[in-house]
Structures are given as structure tokens and as C-alpha cells.
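> Below is the file work08.txt, which contains compact mmCIF, C-alpha atoms and all ligand atoms.
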```txt
# COMPACT_ATOMS: atom_id res chain seq x y z
CA MET A 1281 -36.20 7.86 -10.05
CA THR A 1282 -36.66 5.09 -7.46
CA VAL A 1283 -35.25 5.31 -3.93
CA SER A 1284 -32.57 2.72 -4.70
CA GLU A 1285 -31.54 4.55 -7.89
CA ARG A 1286 -31.19 7.77 -5.87
CA GLN A 1287 -29.00 6.03 -3.25
CA ASN A 1288 -26.79 4.71 -6.04
CA SER A 1289 -26.39 7.98 -7.95
CA SER A 1290 -23.49 10.35 -7.47
CA PRO A 1291 -23.90 14.14 -7.64
CA PRO A 1292 -22.27 14.88 -11.03
CA GLU A 1293 -19.94 17.53 -9.59
CA ASN A 1294 -18.46 15.11 -7.02
CA LEU A 1295 -14.89 13.81 -7.22
CA LYS A 1296 -15.05 10.07 -7.96
CA PHE A 1297 -12.67 7.99 -5.87
CA ALA A 1298 -12.25 4.27 -6.69
CA ILE A 1299 -11.23 1.88 -3.92
CA PRO A 1300 -11.01 -1.93 -3.83
CA LYS A 1301 -14.39 -3.52 -3.17
CA LYS A 1302 -12.83 -6.49 -1.28
CA GLY A 1303 -9.62 -8.47 -1.03
CA ARG A 1304 -6.19 -7.81 0.48
CA LEU A 1305 -6.31 -4.01 0.37
CA TYR A 1306 -9.91 -3.41 1.47
CA ASP A 1307 -9.56 -3.22 5.28
CA LYS A 1308 -6.42 -1.07 5.13
CA VAL A 1309 -8.03 1.37 2.69
CA VAL A 1310 -11.13 1.74 4.88
CA GLU A 1311 -8.88 2.39 7.92
CA LEU A 1312 -6.87 4.96 5.94
CA LEU A 1313 -9.99 6.81 4.78
CA LYS A 1314 -11.34 6.85 8.33
CA GLY A 1315 -8.01 8.24 9.57
CA ALA A 1316 -8.15 10.92 6.86
CA GLY A 1317 -11.67 11.94 7.94
CA VAL A 1318 -13.34 10.60 4.79
CA GLU A 1319 -16.58 9.31 6.25
CA PHE A 1320 -19.03 7.20 4.30
CA ARG A 1321 -21.78 4.70 4.78
CA ARG A 1322 -21.79 1.85 2.28
CA LYS A 1323 -25.21 0.31 1.94
CA ASP A 1324 -25.37 -3.45 1.63
CA ARG A 1325 -24.55 -4.60 -1.91
CA LEU A 1326 -24.12 -1.04 -3.23
CA ASP A 1327 -20.81 -0.24 -4.93
CA VAL A 1328 -21.21 3.52 -4.62
CA ALA A 1329 -21.15 5.58 -1.41
CA ILE A 1330 -21.47 9.35 -1.08
CA CYS A 1331 -19.15 10.83 1.56
CA VAL A 1332 -20.36 12.85 4.52
CA GLY A 1333 -19.31 16.52 4.42
CA LEU A 1334 -17.04 16.19 1.36
CA PRO A 1335 -18.01 16.33 -2.35
CA ILE A 1336 -16.63 12.82 -2.92
CA THR A 1337 -18.30 9.69 -4.23
CA LEU A 1338 -16.53 6.44 -3.43
CA VAL A 1339 -16.78 3.74 -6.06
CA PHE A 1340 -16.01 0.19 -4.95
CA LEU A 1341 -14.31 -1.75 -7.76
CA PRO A 1342 -12.12 -4.86 -8.19
CA ALA A 1343 -8.55 -3.78 -7.37
CA ALA A 1344 -7.40 -5.05 -10.78
CA ASP A 1345 -9.71 -2.61 -12.65
CA ILE A 1346 -8.96 0.57 -10.70
CA ALA A 1347 -5.89 1.83 -12.62
CA LYS A 1348 -7.75 1.46 -15.93
CA PHE A 1349 -10.76 3.42 -14.61
CA VAL A 1350 -8.48 6.19 -13.31
CA GLY A 1351 -6.37 6.27 -16.49
CA GLU A 1352 -9.40 6.47 -18.73
CA GLY A 1353 -10.92 9.27 -16.64
CA ASN A 1354 -14.03 7.40 -15.48
CA VAL A 1355 -12.94 8.24 -11.93
CA ASP A 1356 -10.63 11.00 -10.68
CA LEU A 1357 -8.74 9.20 -7.96
CA GLY A 1358 -8.00 5.61 -6.98
CA ILE A 1359 -6.19 3.34 -4.59
CA THR A 1360 -4.74 0.09 -5.90
CA GLY A 1361 -1.44 -1.80 -6.10
CA PHE A 1362 1.51 -0.48 -8.10
CA ASP A 1363 1.48 -3.94 -9.77
CA VAL A 1364 -2.00 -3.20 -11.12
CA VAL A 1365 -0.87 0.18 -12.46
CA GLN A 1366 2.03 -1.45 -14.29
CA GLU A 1367 -0.18 -4.17 -15.71
CA SER A 1368 -2.92 -1.75 -16.84
CA GLN A 1369 -0.55 0.20 -19.12
CA VAL A 1370 -2.42 3.48 -18.64
CA GLN A 1371 -1.18 6.97 -17.85
CA VAL A 1372 -2.00 7.86 -14.25
CA GLU A 1373 -0.37 10.29 -11.85
CA LYS A 1374 1.13 8.62 -8.78
CA ILE A 1375 0.31 10.81 -5.80
CA MET A 1376 1.86 8.76 -3.02
CA ASP A 1377 2.91 5.36 -1.72
CA LEU A 1378 0.60 4.23 1.07
CA GLY A 1379 2.91 1.83 2.92
CA PHE A 1380 0.67 -1.26 2.91
CA GLY A 1381 -0.06 -4.08 0.44
CA LYS A 1382 3.68 -4.63 0.17
CA CYS A 1383 4.75 -7.70 -1.80
CA LYS A 1384 6.75 -8.71 -4.89
CA LEU A 1385 5.73 -9.88 -8.34
CA SER A 1386 7.99 -12.84 -9.05
CA VAL A 1387 8.68 -15.58 -11.55
CA GLN A 1388 8.07 -18.84 -9.67
CA ALA A 1389 8.81 -22.38 -10.84
CA PRO A 1390 8.52 -25.88 -9.33
CA LEU A 1391 11.17 -26.43 -6.67
CA ILE A 1392 11.74 -29.90 -8.04
CA GLU A 1393 12.91 -28.53 -11.43
CA ASN A 1394 15.68 -26.61 -9.70
CA TYR A 1395 15.80 -23.66 -12.14
CA THR A 1396 18.69 -21.41 -11.24
CA SER A 1397 18.12 -18.54 -13.66
CA VAL A 1398 15.24 -16.96 -15.51
CA GLU A 1399 16.95 -17.53 -18.88
CA GLN A 1400 16.14 -21.21 -18.46
CA LEU A 1401 12.44 -20.32 -18.55
CA ALA A 1402 12.58 -18.19 -21.71
CA GLY A 1403 10.73 -19.98 -24.51
CA LYS A 1404 8.67 -22.00 -22.03
CA ARG A 1405 5.01 -21.68 -20.85
CA ILE A 1406 4.14 -18.99 -18.29
CA VAL A 1407 0.73 -18.59 -16.63
CA THR A 1408 -0.14 -15.35 -14.84
CA SER A 1409 -2.72 -12.69 -13.95
CA PHE A 1410 -0.14 -10.13 -15.14
CA PRO A 1411 0.28 -10.91 -18.87
CA ASN A 1412 1.47 -7.43 -19.92
CA VAL A 1413 4.16 -7.16 -17.25
CA SER A 1414 5.20 -10.78 -17.90
CA LYS A 1415 5.41 -10.35 -21.71
CA ALA A 1416 7.44 -7.16 -21.29
CA PHE A 1417 9.73 -8.94 -18.84
CA PHE A 1418 10.38 -12.00 -21.04
CA LYS A 1419 10.73 -9.94 -24.26
CA GLU A 1420 14.34 -9.08 -23.47
CA TYR A 1421 15.24 -12.77 -22.91
CA ASP A 1422 13.28 -13.88 -26.00
CA GLN A 1423 15.21 -11.41 -28.17
CA LYS A 1424 18.51 -12.41 -26.64
CA LEU A 1425 17.92 -16.16 -26.99
CA GLY A 1426 15.78 -16.14 -30.18
CA VAL A 1427 12.83 -17.92 -28.55
CA THR A 1428 9.16 -17.08 -27.88
CA THR A 1429 7.88 -17.39 -24.33
CA SER A 1430 4.19 -18.27 -24.19
CA VAL A 1431 2.33 -16.11 -21.64
CA SER A 1432 -1.26 -17.11 -20.80
CA TYR A 1433 -3.72 -15.24 -18.59
CA VAL A 1434 -5.69 -16.71 -15.68
CA SER A 1435 -7.70 -14.54 -13.29
CA GLY A 1436 -6.86 -16.47 -10.09
CA SER A 1437 -5.31 -19.58 -8.51
CA VAL A 1438 -2.21 -18.91 -10.60
CA GLU A 1439 -0.05 -21.01 -8.27
CA ALA A 1440 -1.96 -24.16 -9.31
CA ALA A 1441 -0.93 -23.90 -13.00
CA CYS A 1442 2.37 -25.81 -12.78
CA GLY A 1443 0.88 -28.65 -10.73
CA LEU A 1444 -1.91 -28.97 -13.31
CA GLY A 1445 0.61 -29.25 -16.14
CA LEU A 1446 -0.51 -25.96 -17.70
CA ALA A 1447 2.70 -24.05 -17.15
CA ASP A 1448 6.44 -24.45 -16.65
CA ALA A 1449 6.45 -21.37 -14.40
CA VAL A 1450 4.08 -18.68 -13.13
CA VAL A 1451 4.35 -14.95 -12.50
CA ASP A 1452 2.50 -14.17 -9.27
CA LEU A 1453 2.57 -12.05 -6.11
CA VAL A 1454 4.58 -13.20 -3.10
CA GLU A 1455 4.41 -11.75 0.37
CA THR A 1456 5.18 -14.40 3.01
CA GLY A 1457 5.73 -17.14 0.40
CA THR A 1458 3.10 -19.40 2.04
CA THR A 1459 0.96 -19.77 -1.10
CA MET A 1460 4.00 -20.38 -3.29
CA ARG A 1461 5.55 -23.01 -1.01
CA ALA A 1462 2.22 -24.81 -0.56
CA ALA A 1463 2.13 -25.21 -4.36
CA GLY A 1464 5.71 -26.58 -4.43
CA LEU A 1465 7.10 -23.44 -6.11
CA GLU A 1466 10.13 -21.23 -5.49
CA VAL A 1467 11.13 -17.76 -6.67
CA VAL A 1468 13.45 -17.81 -9.68
CA HIS A 1469 13.46 -14.04 -10.24
CA ASP A 1470 11.74 -10.95 -8.75
CA ILE A 1471 10.18 -8.67 -11.37
CA LEU A 1472 8.94 -5.79 -9.23
CA ASP A 1473 8.28 -4.52 -5.71
CA THR A 1474 4.75 -3.32 -5.17
CA GLN A 1475 2.62 -1.61 -2.55
CA ALA A 1476 -0.71 0.23 -2.47
CA ILE A 1477 -0.56 3.67 -4.09
CA LEU A 1478 -2.85 6.67 -4.47
CA ILE A 1479 -3.27 7.60 -8.14
CA SER A 1480 -5.15 10.29 -10.01
CA ASN A 1481 -6.19 11.01 -13.56
CA PRO A 1482 -3.81 13.68 -14.90
CA ASN A 1483 -6.74 15.67 -16.35
CA SER A 1484 -8.99 15.60 -13.29
CA THR A 1485 -10.70 18.93 -12.66
CA HIS A 1486 -10.62 18.37 -8.87
CA LYS A 1487 -7.00 19.42 -8.22
CA ASP A 1488 -7.76 21.33 -4.99
CA LEU A 1489 -9.75 18.52 -3.44
CA ILE A 1490 -7.08 15.99 -4.48
CA SER A 1491 -4.41 18.15 -2.77
CA ARG A 1492 -6.58 18.37 0.36
CA LEU A 1493 -7.03 14.59 0.43
CA LYS A 1494 -3.29 14.09 -0.11
CA ARG A 1495 -2.52 16.34 2.90
CA ARG A 1496 -5.04 14.46 5.03
CA ILE A 1497 -3.74 11.02 4.05
CA ASP A 1498 -0.14 12.17 4.48
CA GLY A 1499 -0.98 13.51 7.94
CA TYR A 1500 -2.67 10.30 8.97
CA ILE A 1501 0.19 8.10 7.67
CA THR A 1502 2.76 10.25 9.51
CA ALA A 1503 0.69 10.04 12.69
CA THR A 1504 0.68 6.24 12.49
CA LYS A 1505 4.48 6.19 12.20
CA TYR A 1506 5.31 8.51 15.13
CA VAL A 1507 4.53 8.79 18.85
CA MET A 1508 5.07 11.74 21.18
CA ILE A 1509 7.56 11.03 23.95
CA MET A 1510 7.50 13.27 27.03
CA TYR A 1511 9.91 13.27 29.97
CA ASN A 1512 11.50 15.39 32.66
CA VAL A 1513 15.22 15.96 32.80
CA SER A 1514 17.57 18.18 34.80
CA ASN A 1515 19.45 21.02 33.07
CA GLU A 1516 22.77 19.18 33.53
CA LEU A 1517 21.53 16.05 31.73
CA MET A 1518 19.51 17.87 29.07
CA GLU A 1519 22.18 17.76 26.36
CA LYS A 1520 22.53 13.96 26.57
CA ALA A 1521 18.74 13.49 26.52
CA LEU A 1522 18.28 15.72 23.46
CA VAL A 1523 20.78 13.65 21.50
CA ILE A 1524 18.41 10.71 22.03
CA THR A 1525 15.26 12.66 21.11
CA PRO A 1526 16.19 15.36 18.60
CA GLY A 1527 12.58 15.40 17.33
CA LYS A 1528 11.36 15.55 13.74
CA ARG A 1529 12.32 19.22 13.54
CA SER A 1530 13.26 20.08 17.12
CA PRO A 1531 12.01 19.08 20.59
CA THR A 1532 9.79 21.33 22.73
CA ILE A 1533 11.33 22.29 26.08
CA THR A 1534 9.10 23.67 28.83
CA ASN A 1535 10.14 25.16 32.20
CA LEU A 1536 8.72 23.42 35.25
CA SER A 1537 7.89 25.33 38.43
CA CYS A 1538 10.34 23.17 40.39
CA GLY A 1539 13.86 24.55 39.90
CA ASN A 1540 16.44 22.76 37.89
CA VAL A 1541 14.20 20.38 35.87
CA LYS A 1542 12.58 20.88 32.45
CA ALA A 1543 9.91 18.94 30.55
CA VAL A 1544 10.77 17.79 27.03
CA SER A 1545 8.37 16.56 24.36
CA SER A 1546 9.56 15.19 21.07
CA LEU A 1547 8.35 13.08 18.14
CA VAL A 1548 9.92 9.64 17.91
CA LEU A 1549 9.45 6.89 15.33
CA LYS A 1550 7.10 4.27 16.80
CA LYS A 1551 9.49 1.44 15.90
CA GLU A 1552 12.31 3.12 17.89
CA VAL A 1553 10.34 4.10 20.98
CA SER A 1554 11.31 1.29 23.38
CA GLU A 1555 14.99 1.72 22.71
CA LYS A 1556 14.67 5.53 23.15
CA MET A 1557 12.88 5.05 26.49
CA ASP A 1558 15.67 2.73 27.70
CA ALA A 1559 18.31 5.24 26.61
CA LEU A 1560 16.49 8.17 28.28
CA HIS A 1561 16.22 6.20 31.50
CA ASP A 1562 19.93 5.41 31.33
CA VAL A 1563 20.91 9.10 31.02
CA GLY A 1564 18.73 10.02 34.00
CA ALA A 1565 15.45 11.27 32.49
CA THR A 1566 12.35 10.61 34.63
CA ASP A 1567 8.55 10.48 34.24
CA ILE A 1568 8.86 9.20 30.67
CA LEU A 1569 5.48 9.03 28.91
CA VAL A 1570 4.56 7.98 25.38
CA LEU A 1571 1.40 9.25 23.69
CA ASP A 1572 -0.14 7.99 20.45
CA LEU A 1573 -0.87 10.58 17.76
CA GLN A 1574 -4.37 10.59 16.29
CA ASN A 1575 -3.50 12.70 13.27
CA SER A 1576 -1.02 15.30 12.07
CA ARG A 1577 -0.21 18.05 9.55
CA MET A 1578 3.54 18.59 9.26
N1 LIG A 1601 -0.22 -11.35 -0.23
C1 LIG A 1601 -0.27 -10.06 -0.44
N2 LIG A 1601 0.35 -9.21 0.38
C2 LIG A 1601 0.31 -7.90 0.18
N3 LIG A 1601 -0.37 -7.32 -0.84
C3 LIG A 1601 -1.02 -8.12 -1.67
C4 LIG A 1601 -1.01 -9.52 -1.51
N4 LIG A 1601 -1.75 -10.06 -2.47
C5 LIG A 1601 -2.21 -9.03 -3.21
N5 LIG A 1601 -1.76 -7.86 -2.74
C6 LIG A 1601 -2.03 -6.51 -3.29
O1 LIG A 1601 -3.44 -6.35 -3.31
C7 LIG A 1601 -3.90 -6.18 -4.64
C8 LIG A 1601 -5.23 -6.87 -4.79
O2 LIG A 1601 -5.02 -8.24 -4.55
P1 LIG A 1601 -6.21 -9.20 -4.16
O3 LIG A 1601 -5.68 -10.58 -4.10
O4 LIG A 1601 -6.95 -8.66 -3.01
O5 LIG A 1601 -7.05 -8.91 -5.45
P2 LIG A 1601 -8.32 -9.48 -5.99
O6 LIG A 1601 -7.88 -10.64 -6.79
O7 LIG A 1601 -9.03 -8.35 -6.67
O8 LIG A 1601 -9.13 -9.91 -4.76
P3 LIG A 1601 -10.02 -11.20 -4.78
O9 LIG A 1601 -9.07 -12.34 -5.12
O10 LIG A 1601 -10.53 -11.24 -3.37
O11 LIG A 1601 -11.04 -10.91 -5.83
C9 LIG A 1601 -2.79 -6.75 -5.52
O12 LIG A 1601 -2.82 -6.18 -6.81
C10 LIG A 1601 -1.55 -6.38 -4.74
O13 LIG A 1601 -1.21 -5.04 -5.00
O1 LIG A 1602 3.06 -15.00 -0.21
P1 LIG A 1602 1.70 -15.03 0.42
O2 LIG A 1602 1.69 -14.38 1.77
O3 LIG A 1602 1.11 -16.40 0.47
O4 LIG A 1602 0.74 -14.12 -0.47
C1 LIG A 1602 0.67 -14.29 -1.85
C2 LIG A 1602 -0.73 -14.62 -2.29
O5 LIG A 1602 -1.61 -13.54 -1.89
C3 LIG A 1602 -2.42 -13.17 -3.00
O6 LIG A 1602 -3.54 -13.98 -3.11
P2 LIG A 1602 -4.74 -13.91 -2.06
O7 LIG A 1602 -4.43 -14.73 -0.86
O8 LIG A 1602 -5.08 -12.47 -1.78
O9 LIG A 1602 -5.91 -14.61 -2.80
P3 LIG A 1602 -6.36 -14.52 -4.34
O10 LIG A 1602 -5.42 -15.47 -5.04
O11 LIG A 1602 -7.77 -15.00 -4.29
O12 LIG A 1602 -6.24 -13.10 -4.81
C4 LIG A 1602 -1.51 -13.44 -4.20
O13 LIG A 1602 -2.24 -13.58 -5.41
C5 LIG A 1602 -0.76 -14.69 -3.80
O14 LIG A 1602 -1.42 -15.86 -4.22
```
Show me this structure written as C-alpha cells.

Amino acid sequence: MTVSERQNSSPPENLKFAIPKKGRLYDKVVELLKGAGVEFRRKDRLDVAICVGLPITLVFLPAADIAKFVGEGNVDLGITGFDVVQESQVQVEKIMDLGFGKCKLSVQAPLIENYTSVEQLAGKRIVTSFPNVSKAFFKEYDQKLGVTTSVSYVSGSVEAACGLGLADAVVDLVETGTTMRAAGLEVVHDILDTQAILISNPNSTHKDLISRLKRRIDGYITATKYVMIMYNVSNELMEKALVITPGKRSPTITNLSCGNVKAVSSLVLKKEVSEKMDALHDVGATDILVLDLQNSRM
């Protein structure tokens, strides 16, 4: 075996974990794995990386192929979009939503045509990278109206299909709508909401390691959503302050050496922290500090 073959080979007993090799989800997935303590070094141009200190081999694949690989048992675990899972038509176990890669899969048509309902597109030409989801979606309308919608697959630049005269409408992902508007399209109907999800093969033999990874990822995601708020407050004002910061379960209250004042620490949602600080100030709390959480197990 050559050196490069050895670098590329996974110990057979390792859990195989497929993640997107590039694209929209890549940076977020790498950040998530780092936060969950899954360390790896990916050598230039290699699509396999063995993790440090964990029996895990990461496999870098196109996002669109990951659900199929997980469903067919070539890998144990994967991260990809829910849209990809729906399109792949395979049986996978959804472990958890990951909270990024959020967008919608929508039927989009030229603004100029002014379509007001999706029924008007039944029987017409649709171009998409999601032929299975699109066919399943239009089936109901085809049956109702006695027509046959033509669904054709393209692997990319879907939004260009109407302008090129290849389609009457497209089924594509929309987040901000920038791509769609630039192509002169508008949403006629949303088919599904999607985000990145962690999936596993239902027959994987690595159940314990998958549970451990789930706890780690869960802990990291929770830590990114919360901050720890700490403040001092007098006994008389305590009740009002605790209404503002009830904590995830309950706040921690510590006696201070100086008389009538106590220190409170409590978890607060990051998105609510400024408003909580204002409210604490207004009820008379002092020395208000906010600390970021690195990680958590709750
Ligand atoms: N604009 C977006 N906003 C949020 N999530 C998105 C967006 N576009 C795609 N995604 C999510 O990321 C997944 C992968 O999309 P991406 O466009 O990166 O795939 P790709 O086509 O494999 O990448 P590339 O085009 O670079 O080869 C999609 O299946 C979807 O779940
Ligand atoms: O509503 P928006 O914010 O414009 O996002 C939607 C676009 O994002 C994705 O493509 P991406 O930019 O990842 O490139 P791709 O077509 O090469 O996959 C998707 O396929 C849409 O075209």
C-alpha cells in the first residue's frame, strides 16, 4: 500500500460520517463539528479524513448524494438538507435539525406571466434539480385536472430555464430570493421548508457513538443559542429580577459577603439578552455581565 492509499483508507471499524464537500452547508458543518469536538485534518484534494481521538472517518461528498449514501448503508451518518432527503426517496433516521441551511423549495414562474395559482402550471413544463419531489407535488394536480406535467432534471442553474425557453416554471430553492428575482421569477407556491439535518442509517451498528455525537452536537447548538447573564441585586428587588431571568431550569443565587445583596446567574436566549439587560437595569440590578457559553450538556 502506498503512502497516499494509507492516508485515504479508513479503519474498517470506524463510523463513517458523510458531510458536504463544498457549497452552502460546508462552512457551517465544519464549525459545528469543531464545536462538537470532532477534530480532523483534511489533506488537500482528499475526500476522506480520519478524526483525532474518535473512531470516526469523515467522508466529503456532494450534498445531493449524502442521503442516498446514508440510506443505502455505505455510510452510517450524514449531514445534508432535508430537501435532499426528500428527493432521495431513501429510508434514513432523522436524528436532529441543525438550525442552518434554512430555505424553501418553491415553484417559481416568470413574473411577467403573472401566474396566481399552481393549478395554472399543471400540464406545463417544469425544470428542476428535484424531479422526484416535483413529480410527487404535481401528481395531485395532474390527477385532478387530467393533464400531465412534464418534469425535467437539470443539475444546476435551474433559474435560467424559463429565460432560455426550456420551461414554463422551475422548482428551486429560495432563501433571500436574490437568485430568483435576478432571473425575473416569482414564487407561485412553496412546496417545503428545509434546513440541514443529521441523519443516520437505521441499521448502523454504531448506535452508542451516534448517541454520543448527538449529545455533543446538541450541547454545542444549545450553547450557541444561550448566554449566561450575571448580576447583583438586593433582596428586596430579587423577586422582580427573577421574573426577568427565570433561567432555563432555575437561576443560581449566591450570597455575597456584603449584607443585603445577592449574585444571580441565569441562562438567557442570546436573541433576548439586550432587552433582558435593559429590564434588569430598570428594576435596579447592578454589575450586569454577559458571558458566552463555549459548550453545554443539559
Ligand atoms: N440559498 C440557500 N440558503 C440556505 N440553504 C441552502 C441554500 N441553497 C442551498 N441550501 C441548502 O444546501 C444544500 C446544498 O446546496 P448547494 O447549493 O451548496 O449544493 P451543491 O449544488 O451540492 O453545491 P455546489 O453547487 O457548490 O456544487 C441544499 O440541498 C439546501 O439544503
Ligand atoms: O434565494 P437565494 O438567497 O438567492 O438562494 C437561492 C439559491 O441558492 C442556491 O444556489 P447557490 O447559490 O448555492 O448556487 P448553486 O446554484 O451553484 O448551488 C439555490 O440553488 C438557489 O439558486
> Identify which of the residues A:Asp1452, A:Glu1466, A:Asp1572, A:Glu1555 lies closest to ligand LIG 1602 (chain A), counting all atoms listed in the file when measuring atom-to-atom distances.
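Of A:Asp1452, A:Glu1466, A:Asp1572, A:Glu1555, the one nearest ligand LIG 1602 (chain A) is A:Asp1452, counting all atoms listed in the file.
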> So how many Å separate atom CA of Ile1479 of chain A and atom CA of Leu1326 of chain A, to one decimal?
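Between atom CA of Ile1479 of chain A and atom CA of Leu1326 of chain A the gap works out to 23.1 Å.
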> What does the structure give for the distance between atom CA of Val1553 of chain A and atom CA of Asp1377 of chain A, in Å to one decimal?
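It comes out at 23.9 Å.
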> Of the candidates A:Ala1476, A:Val1431, A:Met1460, A:Cys1538, which shows the shortest atom-to-atom distance to ligand LIG 1601 (chain A), using only C-alpha atoms and all ligand atoms?
A:Ala1476
> I'd like the interatomic distance between atom CA of Leu1305 of chain A and atom CA of Glu1293 of chain A, to a tenth of an Å.
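Interatomic distance here is 27.4 Å.
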> Restricting the calculation to only C-alpha atoms, which member of A:Asp1448, A:Glu1373, A:Glu1367, A:Asp1567 is positioned closest to Ser1414 of chain A?
A:Glu1367
> Near segment 1406-1413 of chain A, counting only C-alpha atoms, which residues have an atom at most 8 Å away, once you skip same-chain residues fewer than 4 positions from it, shown as a list in words?
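With the cut-off at 8 Å, the set is Gln1366, Glu1367, Ser1368, Gln1369, Phe1417, Thr1429, Ser1430, Val1431, Ser1432, Tyr1433, Val1434, Ser1435, Gly1436, Val1438, Ala1441, Leu1446, Ala1447, Asp1448, Ala1449, Val1450, Val1451 and Asp1452 of chain A.
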> Just want the 8 Å neighbourhood of segment 1515-1531 of chain A, counted on all atoms listed in the file, with same-chain residues fewer than 2 positions away dropped. Output as a list in words.
Val1513, Ile1533, Asn1540, Val1541, Lys1542, Val1544, Ser1545, Ser1546, Leu1547, Val1548, Lys1556, Ala1559, Leu1560, Val1563, Gly1564 and Ala1565 of chain A
> Between A:Gly1464, A:Gly1443, A:Pro1292, A:Gly1303, single out the one closest to ligand LIG 1601 (chain A), counting all atoms listed in the file.
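Checking each candidate against ligand LIG 1601 (chain A), we get A:Gly1303 as the closest.
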> Considering only C-alpha atoms, can you say which of A:Thr1485, A:Ser1480, A:Thr1474, A:Ser1397 comes closest to Lys1374 of chain A?
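Smallest distance to Lys1374 of chain A is found for A:Ser1480.
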> Quick one: which segment 1361-1399 of chain A residues come within 12 Å of segment 1299-1302 of chain A, and what is the nearest atom pair for each with the distance in Å to one decimal, counting all atoms listed in the file, rows ordered by chain and ascending number, as JSON lines?

```
{"residue": "A:Gly1361", "atom": "CA", "partner": "A:Pro1300", "partner_atom": "CA", "distance": 9.8}
{"residue": "A:Val1364", "atom": "CA", "partner": "A:Pro1300", "partner_atom": "CA", "distance": 11.7}
{"residue": "A:Gly1381", "atom": "CA", "partner": "A:Pro1300", "partner_atom": "CA", "distance": 11.9}
```
> So, counting only C-alpha atoms, which residue among A:Gly1539, A:Met1578, A:Cys1442, A:Ile1501 is closest to Glu1393 of chain A?
A:Cys1442
> Any residue with an atom at most 6 Å from ligand LIG 1602 (chain A) counts, using only C-alpha atoms and all ligand atoms. Which are they? Put them as an mmCIF file with C-alpha atoms, in the coordinates of the input.

```cif
data_model
loop_
_atom_site.group_PDB
_atom_site.id
_atom_site.type_symbol
_atom_site.label_atom_id
_atom_site.label_comp_id
_atom_site.auth_asym_id
_atom_site.auth_seq_id
_atom_site.Cartn_x
_atom_site.Cartn_y
_atom_site.Cartn_z
ATOM 1 C CA ARG A 1304 -6.190 -7.810 0.480
ATOM 2 C CA GLY A 1436 -6.860 -16.470 -10.090
ATOM 3 C CA SER A 1437 -5.310 -19.580 -8.510
ATOM 4 C CA LEU A 1453 2.570 -12.050 -6.110
ATOM 5 C CA VAL A 1454 4.580 -13.200 -3.100
ATOM 6 C CA GLU A 1455 4.410 -11.750 0.370
ATOM 7 C CA THR A 1456 5.180 -14.400 3.010
ATOM 8 C CA GLY A 1457 5.730 -17.140 0.400
ATOM 9 C CA THR A 1458 3.100 -19.400 2.040
ATOM 10 C CA THR A 1459 0.960 -19.770 -1.100
#
```
> Taking every listed atom of ligand LIG 1601 (chain A) and adding 6 Å to each side, what centre and edge lengths in Å (one decimal) does the axis-aligned box have, as JSON?

```
{"center_x": -5.3, "center_y": -8.7, "center_z": -3.2, "size_x": 23.4, "size_y": 19.3, "size_z": 19.2}
```
> Any idea what's packed within 12 Å of Lys1296 of chain A, counting only C-alpha atoms, ignoring anything in its chain fewer than 2 positions away? Could you give it as a compact mmCIF listing (two decimals) with C-alpha atoms, in the frame of the given file?

```txt
# COMPACT_ATOMS: atom_id res chain seq x y z
CA SER A 1289 -26.39 7.98 -7.95
CA SER A 1290 -23.49 10.35 -7.47
CA PRO A 1291 -23.90 14.14 -7.64
CA PRO A 1292 -22.27 14.88 -11.03
CA GLU A 1293 -19.94 17.53 -9.59
CA ASN A 1294 -18.46 15.11 -7.02
CA ALA A 1298 -12.25 4.27 -6.69
CA ILE A 1299 -11.23 1.88 -3.92
CA VAL A 1328 -21.21 3.52 -4.62
CA ALA A 1329 -21.15 5.58 -1.41
CA ILE A 1330 -21.47 9.35 -1.08
CA CYS A 1331 -19.15 10.83 1.56
CA LEU A 1334 -17.04 16.19 1.36
CA PRO A 1335 -18.01 16.33 -2.35
CA ILE A 1336 -16.63 12.82 -2.92
CA THR A 1337 -18.30 9.69 -4.23
CA LEU A 1338 -16.53 6.44 -3.43
CA VAL A 1339 -16.78 3.74 -6.06
CA PHE A 1340 -16.01 0.19 -4.95
CA LEU A 1341 -14.31 -1.75 -7.76
CA ILE A 1346 -8.96 0.57 -10.70
CA PHE A 1349 -10.76 3.42 -14.61
CA VAL A 1350 -8.48 6.19 -13.31
CA GLY A 1353 -10.92 9.27 -16.64
CA ASN A 1354 -14.03 7.40 -15.48
CA VAL A 1355 -12.94 8.24 -11.93
CA ASP A 1356 -10.63 11.00 -10.68
CA LEU A 1357 -8.74 9.20 -7.96
CA GLY A 1358 -8.00 5.61 -6.98
CA ILE A 1359 -6.19 3.34 -4.59
CA SER A 1480 -5.15 10.29 -10.01
CA ASN A 1481 -6.19 11.01 -13.56
CA SER A 1484 -8.99 15.60 -13.29
CA THR A 1485 -10.70 18.93 -12.66
CA HIS A 1486 -10.62 18.37 -8.87
CA LEU A 1489 -9.75 18.52 -3.44
CA ILE A 1490 -7.08 15.99 -4.48
```
> Val1570 of chain A: which residues within 8 Å, counting all atoms listed in the file, same-chain residues fewer than 3 positions away excluded, as a ChimeraX atom specification?
/A:1507-1510
> Do you know which residues are at most 6 Å from Thr1566 of chain A counting all atoms listed in the file, after dropping those on the same chain fewer than 2 positions away, and could you put them as a list in words?
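Final neighbour list, sorted by chain and number: Tyr1511, Asn1512 and Ile1568 of chain A.
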